[in-house]
>>> print(open('start12.cif').read())   # mmCIF, C-alpha atoms and all ligand atoms
data_my_file
loop_
_atom_site.label_atom_id
_atom_site.label_comp_id
_atom_site.auth_asym_id
_atom_site.auth_seq_id
_atom_site.Cartn_x
_atom_site.Cartn_y
_atom_site.Cartn_z
CA MET A 15 76.03 96.22 83.32
CA SER A 16 77.64 93.98 85.95
CA GLY A 17 80.68 91.89 85.15
CA MET A 18 80.88 88.13 85.77
CA LEU A 19 82.81 85.69 87.91
CA TYR A 20 84.74 82.92 86.12
CA LEU A 21 85.84 79.95 88.26
CA CYS A 22 88.94 78.69 86.48
CA ALA A 23 90.38 75.23 87.16
CA THR A 24 94.18 75.11 86.81
CA PRO A 25 96.61 72.15 86.61
CA ILE A 26 97.29 69.97 89.66
CA GLY A 27 100.85 69.36 88.50
CA ASN A 28 101.10 69.06 84.74
CA LEU A 29 100.93 72.40 82.93
CA GLY A 30 99.76 70.56 79.82
CA ASP A 31 96.39 70.20 81.57
CA MET A 32 95.67 73.95 81.39
CA THR A 33 92.68 74.32 79.08
CA PRO A 34 92.77 76.82 76.20
CA ARG A 35 89.52 78.35 77.51
CA VAL A 36 91.11 79.07 80.91
CA VAL A 37 94.19 80.64 79.23
CA GLU A 38 91.94 82.84 77.11
CA THR A 39 89.69 83.84 80.03
CA LEU A 40 92.58 84.64 82.39
CA GLY A 41 94.07 86.80 79.66
CA SER A 42 90.85 88.72 78.98
CA VAL A 43 89.27 89.35 82.42
CA ASP A 44 89.93 92.62 84.29
CA LEU A 45 91.18 91.00 87.48
CA ILE A 46 92.35 87.58 88.69
CA ALA A 47 91.66 86.65 92.32
CA ALA A 48 94.31 84.07 93.28
CA GLU A 49 94.80 82.03 96.42
CA ASP A 50 98.53 82.75 96.44
CA THR A 51 99.66 85.42 94.01
CA ARG A 52 103.37 84.46 94.38
CA ASN A 53 102.54 80.94 93.32
CA SER A 54 100.14 81.87 90.53
CA ILE A 55 102.50 84.40 88.93
CA LYS A 56 104.58 81.43 87.71
CA LEU A 57 101.54 79.93 86.00
CA LEU A 58 100.53 83.25 84.44
CA ASN A 59 104.09 83.93 83.23
CA HIS A 60 104.26 80.47 81.68
CA PHE A 61 101.17 81.24 79.60
CA GLY A 62 102.10 84.88 78.90
CA ILE A 63 99.11 86.23 80.85
CA ARG A 64 99.54 89.83 82.02
CA THR A 65 96.23 90.43 83.86
CA SER A 66 96.60 91.97 87.32
CA MET A 67 96.08 89.76 90.36
CA THR A 68 94.72 90.23 93.84
CA SER A 69 94.86 87.73 96.68
CA TYR A 70 91.77 85.79 97.75
CA HIS A 71 92.48 83.23 100.45
CA GLU A 72 91.09 81.50 103.53
CA TYR A 73 91.91 84.42 105.83
CA ASN A 74 90.44 87.29 103.78
CA LYS A 75 87.70 85.38 101.95
CA VAL A 76 84.75 87.25 103.48
CA GLU A 77 85.90 90.90 103.22
CA LYS A 78 87.67 90.28 99.92
CA ALA A 79 84.53 88.69 98.47
CA ASP A 80 82.67 91.95 99.20
CA TYR A 81 85.39 93.92 97.43
CA LEU A 82 85.31 91.59 94.41
CA VAL A 83 81.51 91.72 94.22
CA GLY A 84 81.83 95.55 94.24
CA GLN A 85 84.26 95.33 91.32
CA MET A 86 81.88 93.12 89.35
CA GLN A 87 78.97 95.46 90.11
CA GLN A 88 81.05 98.20 88.49
CA GLY A 89 81.25 96.10 85.34
CA LYS A 90 84.59 94.31 85.85
CA ASN A 91 85.01 90.64 84.96
CA VAL A 92 86.83 88.60 87.61
CA ALA A 93 88.45 85.15 87.38
CA LEU A 94 89.10 83.03 90.47
CA ILE A 95 91.98 80.56 90.60
CA SER A 96 93.36 78.49 93.46
CA ASP A 97 96.89 77.17 93.91
CA ALA A 98 95.94 74.06 91.97
CA GLY A 99 92.85 72.35 90.66
CA THR A 100 89.29 73.53 90.91
CA PRO A 101 88.44 76.57 93.05
CA ALA A 102 85.94 75.87 95.85
CA ILE A 103 87.07 72.23 96.16
CA SER A 104 89.00 72.19 99.47
CA ASP A 105 90.00 75.71 98.44
CA PRO A 106 88.41 79.14 98.89
CA GLY A 107 85.62 79.98 96.47
CA GLU A 108 82.35 78.97 98.09
CA VAL A 109 81.86 82.31 99.90
CA LEU A 110 82.56 84.33 96.77
CA VAL A 111 80.10 82.26 94.74
CA GLN A 112 77.41 82.72 97.42
CA LYS A 113 77.96 86.47 97.57
CA CYS A 114 77.81 86.75 93.77
CA GLN A 115 74.51 84.83 93.77
CA GLU A 116 73.11 87.14 96.46
CA ALA A 117 74.16 90.18 94.41
CA GLY A 118 72.65 88.74 91.21
CA ILE A 119 76.06 88.42 89.52
CA THR A 120 76.47 85.63 86.97
CA VAL A 121 78.98 82.94 87.88
CA THR A 122 80.31 80.43 85.41
CA SER A 123 82.76 77.56 85.86
CA LEU A 124 85.50 76.56 83.43
CA PRO A 125 86.03 72.90 84.35
CA GLY A 126 89.40 71.23 84.42
CA PRO A 127 91.64 69.31 86.83
CA ALA A 128 90.46 68.25 90.29
CA ALA A 129 92.62 65.83 92.28
CA CYS A 130 89.58 64.04 93.75
CA ILE A 131 88.06 63.03 90.41
CA THR A 132 91.43 62.17 88.89
CA ALA A 133 92.13 59.86 91.85
CA LEU A 134 88.68 58.27 91.83
CA THR A 135 88.94 57.31 88.18
CA LEU A 136 92.35 55.72 88.78
CA SER A 137 91.41 53.97 92.03
CA GLY A 138 89.85 50.80 90.65
CA LEU A 139 87.16 51.18 93.34
CA SER A 140 83.50 51.72 92.57
CA SER A 141 82.97 55.10 90.92
CA ARG A 142 79.21 54.66 90.53
CA ARG A 143 78.50 56.17 93.96
CA PHE A 144 81.09 58.15 95.87
CA CYS A 145 81.44 60.89 98.46
CA PHE A 146 84.11 63.52 98.90
CA GLU A 147 85.34 64.34 102.41
CA GLY A 148 88.30 66.56 101.57
CA PHE A 149 90.64 66.93 104.57
CA LEU A 150 89.47 65.43 107.87
CA PRO A 151 89.01 68.32 110.33
CA PRO A 152 91.76 68.97 112.91
CA ASP A 153 89.25 69.25 115.77
CA LYS A 154 89.24 65.86 117.57
CA LYS A 155 85.54 65.76 118.40
CA GLU A 156 84.46 66.77 114.91
CA LYS A 157 86.87 64.26 113.39
CA ALA A 158 85.56 61.43 115.59
CA GLN A 159 82.01 62.22 114.51
CA ILE A 160 82.94 62.22 110.82
CA LEU A 161 84.88 58.96 111.18
CA ALA A 162 81.85 57.38 112.88
CA GLU A 163 79.71 58.43 109.91
CA LEU A 164 82.30 57.16 107.43
CA LYS A 165 82.27 53.76 109.14
CA GLU A 166 78.73 53.23 107.86
CA GLU A 167 79.25 54.92 104.49
CA SER A 168 78.58 52.52 101.63
CA ARG A 169 79.79 54.84 98.87
CA THR A 170 83.47 55.09 97.88
CA ILE A 171 85.13 57.75 100.06
CA ILE A 172 87.64 60.30 98.77
CA LEU A 173 89.95 62.12 101.17
CA TYR A 174 92.78 64.61 100.78
CA GLU A 175 95.88 64.44 102.96
CA ALA A 176 99.24 66.13 103.30
CA PRO A 177 102.30 63.82 103.54
CA HIS A 178 103.17 64.77 107.14
CA HIS A 179 99.69 63.71 108.34
CA LEU A 180 99.32 60.62 106.16
CA VAL A 181 100.33 57.99 108.73
CA ARG A 182 98.15 59.53 111.44
CA THR A 183 95.15 59.61 109.11
CA LEU A 184 95.70 56.03 107.93
CA GLY A 185 95.83 54.96 111.59
CA GLU A 186 92.58 56.78 112.35
CA LEU A 187 90.89 55.24 109.32
CA TYR A 188 92.09 51.78 110.35
CA GLU A 189 90.75 52.22 113.85
CA ALA A 190 87.38 53.59 112.74
CA LEU A 191 86.67 51.60 109.57
CA GLY A 192 88.71 48.44 110.08
CA ASP A 193 90.93 47.08 107.32
CA ARG A 194 89.44 48.08 103.97
CA ARG A 195 90.64 48.39 100.41
CA ILE A 196 92.25 51.75 99.77
CA THR A 197 93.99 53.28 96.76
CA LEU A 198 96.68 55.83 97.51
CA CYS A 199 97.07 58.29 94.65
CA ARG A 200 100.23 60.32 94.88
CA GLU A 201 101.66 63.19 92.79
CA LEU A 202 98.91 62.90 90.19
CA THR A 203 99.76 64.16 86.69
CA LYS A 204 103.38 64.70 87.81
CA LYS A 205 106.61 62.87 87.00
CA PHE A 206 106.37 60.59 90.05
CA GLU A 207 102.65 59.84 89.81
CA THR A 208 101.94 56.68 91.79
CA VAL A 209 98.69 54.76 92.15
CA LEU A 210 98.82 52.11 94.85
CA PRO A 211 95.79 49.85 95.35
CA THR A 212 96.25 48.18 98.75
CA THR A 213 94.55 47.90 102.14
CA ILE A 214 94.65 50.40 104.99
CA GLY A 215 96.67 47.93 107.12
CA GLU A 216 99.23 47.31 104.37
CA ALA A 217 99.53 51.03 103.69
CA LEU A 218 100.26 51.59 107.38
CA SER A 219 103.00 49.00 107.40
CA LEU A 220 104.48 50.43 104.16
CA TYR A 221 104.64 53.95 105.63
CA GLY A 222 106.09 52.55 108.84
CA ARG A 223 109.10 51.65 106.67
CA GLU A 224 109.27 54.64 104.33
CA GLU A 225 108.46 58.31 104.64
CA PRO A 226 105.43 59.60 102.70
CA ARG A 227 106.38 62.22 100.12
CA GLY A 228 104.28 64.40 97.84
CA GLU A 229 100.55 65.10 97.71
CA TYR A 230 98.05 62.32 98.35
CA VAL A 231 94.46 61.49 97.61
CA LEU A 232 93.07 58.51 99.54
CA VAL A 233 90.25 56.59 97.92
CA VAL A 234 88.65 54.19 100.40
CA GLU A 235 86.20 51.39 99.68
CA GLY A 236 82.74 51.97 101.15
CA LYS A 237 81.15 49.48 103.51
CA SER A 238 79.61 46.73 101.40
CA LEU A 239 75.93 45.86 101.77
CA ARG A 240 77.03 42.29 102.56
CA GLN A 241 79.20 43.59 105.42
CA LYS A 242 76.27 45.66 106.73
CA GLU A 243 73.98 42.61 106.56
CA GLU A 244 76.57 40.44 108.34
CA GLU A 245 76.87 43.03 111.11
CA ARG A 246 73.10 43.19 111.47
CA GLN A 247 72.96 39.39 111.72
CA ALA A 248 75.78 39.33 114.24
CA SER A 249 74.06 41.94 116.39
CA TRP A 250 70.83 39.83 116.54
CA GLN A 251 72.75 36.73 117.39
CA SER A 252 73.99 38.31 120.59
CA MET A 253 70.47 39.54 121.50
CA THR A 254 67.72 37.72 123.34
CA ILE A 255 64.39 37.43 121.51
CA GLY A 256 62.99 40.05 123.89
CA GLU A 257 65.79 42.50 123.04
CA HIS A 258 65.38 41.79 119.36
CA MET A 259 61.62 42.51 119.63
CA ALA A 260 62.33 45.72 121.55
CA LEU A 261 64.58 46.88 118.71
CA TYR A 262 61.51 47.05 116.46
CA THR A 263 58.75 47.93 118.92
CA GLY A 264 60.99 50.70 120.31
CA GLY A 265 61.03 52.17 116.80
CA GLY A 266 57.22 52.28 116.78
CA MET A 267 56.41 48.92 115.14
CA ASP A 268 53.35 47.06 116.47
CA GLU A 269 53.94 43.73 118.20
CA LYS A 270 52.51 41.55 115.43
CA THR A 271 54.67 43.11 112.69
CA ALA A 272 57.72 43.07 114.95
CA MET A 273 57.21 39.35 115.64
CA LYS A 274 57.02 38.67 111.91
CA GLN A 275 60.22 40.64 111.31
CA VAL A 276 62.11 39.01 114.18
CA ALA A 277 61.07 35.56 112.92
CA LYS A 278 62.25 36.47 109.42
CA ASP A 279 65.60 37.85 110.70
CA ARG A 280 66.25 34.71 112.74
CA GLY A 281 64.92 32.32 110.10
CA VAL A 282 62.51 30.67 112.56
CA PRO A 283 58.68 30.22 112.56
CA LYS A 284 56.63 33.06 114.10
CA ARG A 285 55.20 30.74 116.74
CA GLU A 286 58.68 30.31 118.24
CA ILE A 287 58.94 34.06 118.78
CA TYR A 288 55.41 34.15 120.23
CA ALA A 289 56.23 31.32 122.60
CA ALA A 290 59.44 33.00 123.72
CA ILE A 291 57.54 36.19 124.55
CA HIS A 292 54.26 34.85 125.90
CA GLY A 293 55.47 31.51 127.16
CA THR A 294 52.78 29.53 125.24
CA GLY A 295 52.10 28.34 121.71
CA MET A 296 50.65 30.80 119.22
CA ARG A 297 46.86 30.93 118.94
N1 LIG B 301 91.29 72.46 94.60
C1 LIG B 301 92.12 71.29 94.53
C2 LIG B 301 91.42 70.24 93.67
O1 LIG B 301 90.60 70.61 92.82
O2 LIG B 301 91.73 69.06 93.78
C3 LIG B 301 92.45 70.75 95.91
C4 LIG B 301 93.23 71.68 96.77
S1 LIG B 301 93.63 71.07 98.35
C5 LIG B 301 94.13 72.52 99.17
C6 LIG B 301 95.17 70.29 98.13
C7 LIG B 301 95.10 68.76 98.29
O3 LIG B 301 94.63 68.19 97.09
C8 LIG B 301 96.44 68.12 98.54
O4 LIG B 301 96.80 68.12 99.92
C9 LIG B 301 96.22 66.71 98.03
O5 LIG B 301 95.52 65.95 99.00
C10 LIG B 301 95.30 66.97 96.84
N2 LIG B 301 96.10 67.14 95.62
C11 LIG B 301 96.28 68.26 94.91
N3 LIG B 301 97.07 68.02 93.83
C12 LIG B 301 97.41 66.71 93.89
C13 LIG B 301 98.19 65.86 93.08
N4 LIG B 301 98.82 66.31 91.99
N5 LIG B 301 98.31 64.57 93.42
C14 LIG B 301 97.68 64.09 94.51
N6 LIG B 301 96.93 64.85 95.32
C15 LIG B 301 96.79 66.14 95.01
#
>>> encode(input="start12.cif", output="structure tokens")
Amino acid sequence: MSGMLYLCATPIGNLGDMTPRVVETLGSVDLIAAEDTRNSIKLLNHFGIRTSMTSYHEYNKVEKADYLVGQMQQGKNVALISDAGTPAISDPGEVLVQKCQEAGITVTSLPGPAACITALTLSGLSSRRFCFEGFLPPDKKEKAQILAELKEESRTIILYEAPHHLVRTLGELYEALGDRRITLCRELTKKFETVLPTTIGEALSLYGREEPRGEYVLVVEGKSLRQKEEERQASWQSMTIGEHMALYTGGGMDEKTAMKQVAKDRGVPKREIYAAIHGTGMR
């Protein structure tokens, strides 16, 4: 019989957040795959867990996943932990889960801390619809494309950032999204936990005066539907009626329907649009 993979969430700062089920599982599996064994040994020692560890990180995640799948196929139970929080959330895990699924090995998740959800719930921004971006990519082109998508995003956006890149990222968000509400969540669950609801512009001026310290989650307000509507209106106002018509007919709409839509957008009678296009009154 094959063993199983247990994805174990560990504290993001406060050891009191370790769940009893994770302690029990880490103590009873045959092997723990840890992102950084030197870091995780402190956690295991704290909870008196003696299970042997092997490293599973970004740079060995593919070959090591094959090894771990082999171990599970031989009947061993394996637990995966990351440095902090939930494995596979901006941490290695995804590849191992995929390979287990391909090999028909059961995977289960022991939920617990995740910085993104902790920050979202504290942000005061809408939590009804949200998206998680993790870290923005270092590649400039890829980052520009993601920022362009985020500009139109109407859901609340959650980002991770390291302190030494915080100012740069705030600047990029300001440039791409404009000044929006943002909540900076710092050192969550730790002694110096700070939740700062502000705007991107104010955050930039704050960190122009003081150095960012600690780990941050940025929770950014999505673009409101009102803002989208205002932008749509503003874009028509700078268009001629012909250009406005072409916007719809270019998308495959027939002329009659487009005229109706253009008249509705501009709040004018249809005959005005007809006259502007055909130069006569509507028949
Ligand atoms: N797997 C983790 C999770 O479930 O949240 C995320 C790991 S990711 C490599 C590390 C990033 O998560 C940090 O750079 C920071 O943005 C965020 N983070 C982790 N712990 C945090 C904390 N206590 N307070 C604020 N942000 C934290």
>>> residues_around(input="start12.cif", residues="region 88-99 of chain A", least_positions_apart="6", cutoff="7 Å", atoms="all atoms listed in the file", output="list in words")
Met15, Ser16, Gly17, Met18, Leu19, Tyr20, Leu21, Cys22, Ala23, Thr24, Pro25, Ile26, Leu40, Val43, Asp44, Leu45, Ile46, Ala47, Ala48, Glu49, Asp50, Asn53, Ser54, Asp105, Pro127, Ala128 and Ala129 of chain A
>>> atom_distance(input="start12.cif", atom1="CA of Pro106 (chain A)", atom2="CA of Glu72 (chain A)")
5.9 Å
>>> closest_residue(input="start12.cif", among="A:Glu245, A:Glu229, A:Glu257, A:Glu156", to="Val209 (chain A)", atoms="all atoms listed in the file")
A:Glu229
>>> residues_near_point(input="start12.cif", point="(92.3, 52.2, 97.7)", cutoff="8 Å", atoms="all atoms listed in the file", output="list in words")
Ser137, Gly138, Leu139, Arg195, Ile196, Thr197, Leu198, Leu210, Pro211, Thr212, Thr213, Ile214, Leu232, Val233, Val234 and Glu235 of chain A
>>> atom_distance(input="start12.cif", atom1="atom C3 of ligand LIG 301 (chain B)", atom2="CA of Thr183 (chain A)")
17.5 Å
>>> closest_residue(input="start12.cif", among="A:Leu180, A:Ile160, A:Ala117, A:Leu57", to="ligand LIG 301 (chain B)", atoms="only C-alpha atoms and all ligand atoms")
A:Leu180
>>> residues_around(input="start12.cif", residues="region 140-146 of chain A", least_positions_apart="3", cutoff="9 Å", atoms="all atoms listed in the file", output="JSON, numbers by chain")
{"A": [130, 134, 135, 137, 167, 168, 169, 170, 171, 172, 173, 174, 235, 236]}
>>> closest_residue(input="start12.cif", among="A:Cys114, A:Ile255, A:Ile103, A:Ala277", to="ligand LIG 301 (chain B)", atoms="only C-alpha atoms and all ligand atoms")
A:Ile103
>>> closest_residue(input="start12.cif", among="A:His60, A:Arg52, A:Lys157, A:Lys204", to="ligand LIG 301 (chain B)", atoms="all atoms listed in the file")
A:Lys204
>>> closest_residue(input="start12.cif", among="A:Asp31, A:Glu163, A:Glu77, A:Glu286", to="ligand LIG 301 (chain B)", atoms="all atoms listed in the file")
A:Asp31
>>> axis_aligned_box(input="start12.cif", around="region 65-70 of chain A", padding_each_side="8 Å", output="lines of an AutoDock Vina configuration file")
center_x = 94.2
center_y = 88.9
center_z = 90.8
size_x = 20.8
size_y = 22.2
size_z = 29.9
>>> atom_distance(input="start12.cif", atom1="CA of Glu216 (chain A)", atom2="CA of Glu243 (chain A)")
25.8 Å
>>> closest_residue(input="start12.cif", among="A:Thr51, A:Gln87, A:Thr208, A:Thr263", to="ligand LIG 301 (chain B)", atoms="all atoms listed in the file")
A:Thr208
>>> residues_around(input="start12.cif", residues="Ala158 (chain A)", least_positions_apart="6", cutoff="10 Å", atoms="only C-alpha atoms", output="PyMOL selection string")
chain A and resi 150-151+164+186+190
>>> decode(input="start12.cif", residues="region 50-85 of chain A", atoms="N, CA and C atoms", output="short mmCIF file (atom, residue, chain, number, x, y, z; two decimals), in the first residue's frame")
data_model
loop_
_atom_site.label_atom_id
_atom_site.label_comp_id
_atom_site.auth_asym_id
_atom_site.auth_seq_id
_atom_site.Cartn_x
_atom_site.Cartn_y
_atom_site.Cartn_z
N ASP A 50 13.55 24.52 4.30
CA ASP A 50 14.88 24.80 4.84
C ASP A 50 15.01 24.02 6.15
N THR A 51 15.77 22.94 6.09
CA THR A 51 15.84 22.04 7.26
C THR A 51 16.45 22.75 8.48
N ARG A 52 17.40 23.68 8.23
CA ARG A 52 18.04 24.38 9.37
C ARG A 52 17.03 25.27 10.09
N ASN A 53 16.11 25.80 9.33
CA ASN A 53 15.08 26.66 9.90
C ASN A 53 14.02 25.81 10.62
N SER A 54 13.63 24.72 9.96
CA SER A 54 12.52 23.92 10.50
C SER A 54 12.92 23.10 11.72
N ILE A 55 14.24 22.86 11.89
CA ILE A 55 14.65 22.05 13.05
C ILE A 55 14.25 22.77 14.36
N LYS A 56 14.25 24.12 14.30
CA LYS A 56 13.89 24.89 15.50
C LYS A 56 12.42 24.64 15.86
N LEU A 57 11.60 24.61 14.81
CA LEU A 57 10.17 24.38 15.02
C LEU A 57 9.96 22.96 15.57
N LEU A 58 10.61 21.99 14.94
CA LEU A 58 10.44 20.60 15.37
C LEU A 58 10.95 20.41 16.81
N ASN A 59 12.08 21.02 17.13
CA ASN A 59 12.61 20.90 18.50
C ASN A 59 11.63 21.49 19.50
N HIS A 60 11.05 22.64 19.14
CA HIS A 60 10.11 23.31 20.04
C HIS A 60 8.94 22.38 20.40
N PHE A 61 8.51 21.60 19.41
CA PHE A 61 7.36 20.72 19.67
C PHE A 61 7.78 19.27 19.97
N GLY A 62 9.06 19.05 20.18
CA GLY A 62 9.56 17.72 20.55
C GLY A 62 9.35 16.68 19.45
N ILE A 63 9.44 17.11 18.19
CA ILE A 63 9.22 16.19 17.07
C ILE A 63 10.59 15.66 16.60
N ARG A 64 10.70 14.34 16.50
CA ARG A 64 12.01 13.74 16.19
C ARG A 64 12.07 13.13 14.79
N THR A 65 11.06 13.29 13.99
CA THR A 65 11.00 12.69 12.64
C THR A 65 12.14 13.21 11.77
N SER A 66 12.71 12.33 10.92
CA SER A 66 13.81 12.83 10.10
C SER A 66 13.30 13.72 8.96
N MET A 67 14.20 14.64 8.55
CA MET A 67 13.84 15.65 7.55
C MET A 67 14.70 15.51 6.31
N THR A 68 14.14 15.94 5.20
CA THR A 68 14.91 16.05 3.97
C THR A 68 14.54 17.39 3.34
N SER A 69 15.46 17.96 2.56
CA SER A 69 15.13 19.29 2.02
C SER A 69 14.30 19.18 0.74
N TYR A 70 13.35 20.08 0.61
CA TYR A 70 12.54 20.18 -0.61
C TYR A 70 12.35 21.67 -0.88
N HIS A 71 13.09 22.19 -1.86
CA HIS A 71 13.04 23.63 -2.09
C HIS A 71 12.95 23.94 -3.59
N GLU A 72 12.91 25.23 -3.87
CA GLU A 72 12.74 25.73 -5.24
C GLU A 72 13.72 25.10 -6.23
N TYR A 73 14.95 24.86 -5.77
CA TYR A 73 16.00 24.43 -6.71
C TYR A 73 16.14 22.92 -6.86
N ASN A 74 15.42 22.14 -6.03
CA ASN A 74 15.47 20.68 -6.23
C ASN A 74 14.06 20.10 -6.35
N LYS A 75 13.08 21.01 -6.55
CA LYS A 75 11.67 20.58 -6.40
C LYS A 75 11.25 19.50 -7.41
N VAL A 76 11.86 19.46 -8.58
CA VAL A 76 11.42 18.47 -9.56
C VAL A 76 12.02 17.09 -9.26
N GLU A 77 13.37 17.03 -9.16
CA GLU A 77 14.00 15.71 -8.88
C GLU A 77 13.58 15.19 -7.51
N LYS A 78 13.52 16.11 -6.53
CA LYS A 78 13.21 15.65 -5.18
C LYS A 78 11.77 15.15 -5.10
N ALA A 79 10.89 15.74 -5.90
CA ALA A 79 9.49 15.27 -5.91
C ALA A 79 9.46 13.82 -6.38
N ASP A 80 10.27 13.48 -7.39
CA ASP A 80 10.31 12.09 -7.87
C ASP A 80 10.78 11.15 -6.76
N TYR A 81 11.80 11.60 -6.03
CA TYR A 81 12.32 10.78 -4.92
C TYR A 81 11.21 10.57 -3.87
N LEU A 82 10.54 11.67 -3.51
CA LEU A 82 9.50 11.58 -2.47
C LEU A 82 8.34 10.71 -2.91
N VAL A 83 7.97 10.82 -4.20
CA VAL A 83 6.89 9.97 -4.72
C VAL A 83 7.32 8.50 -4.60
N GLY A 84 8.59 8.23 -4.91
CA GLY A 84 9.13 6.86 -4.79
C GLY A 84 8.99 6.36 -3.35
N GLN A 85 9.31 7.23 -2.41
CA GLN A 85 9.19 6.85 -0.99
C GLN A 85 7.74 6.52 -0.63
#
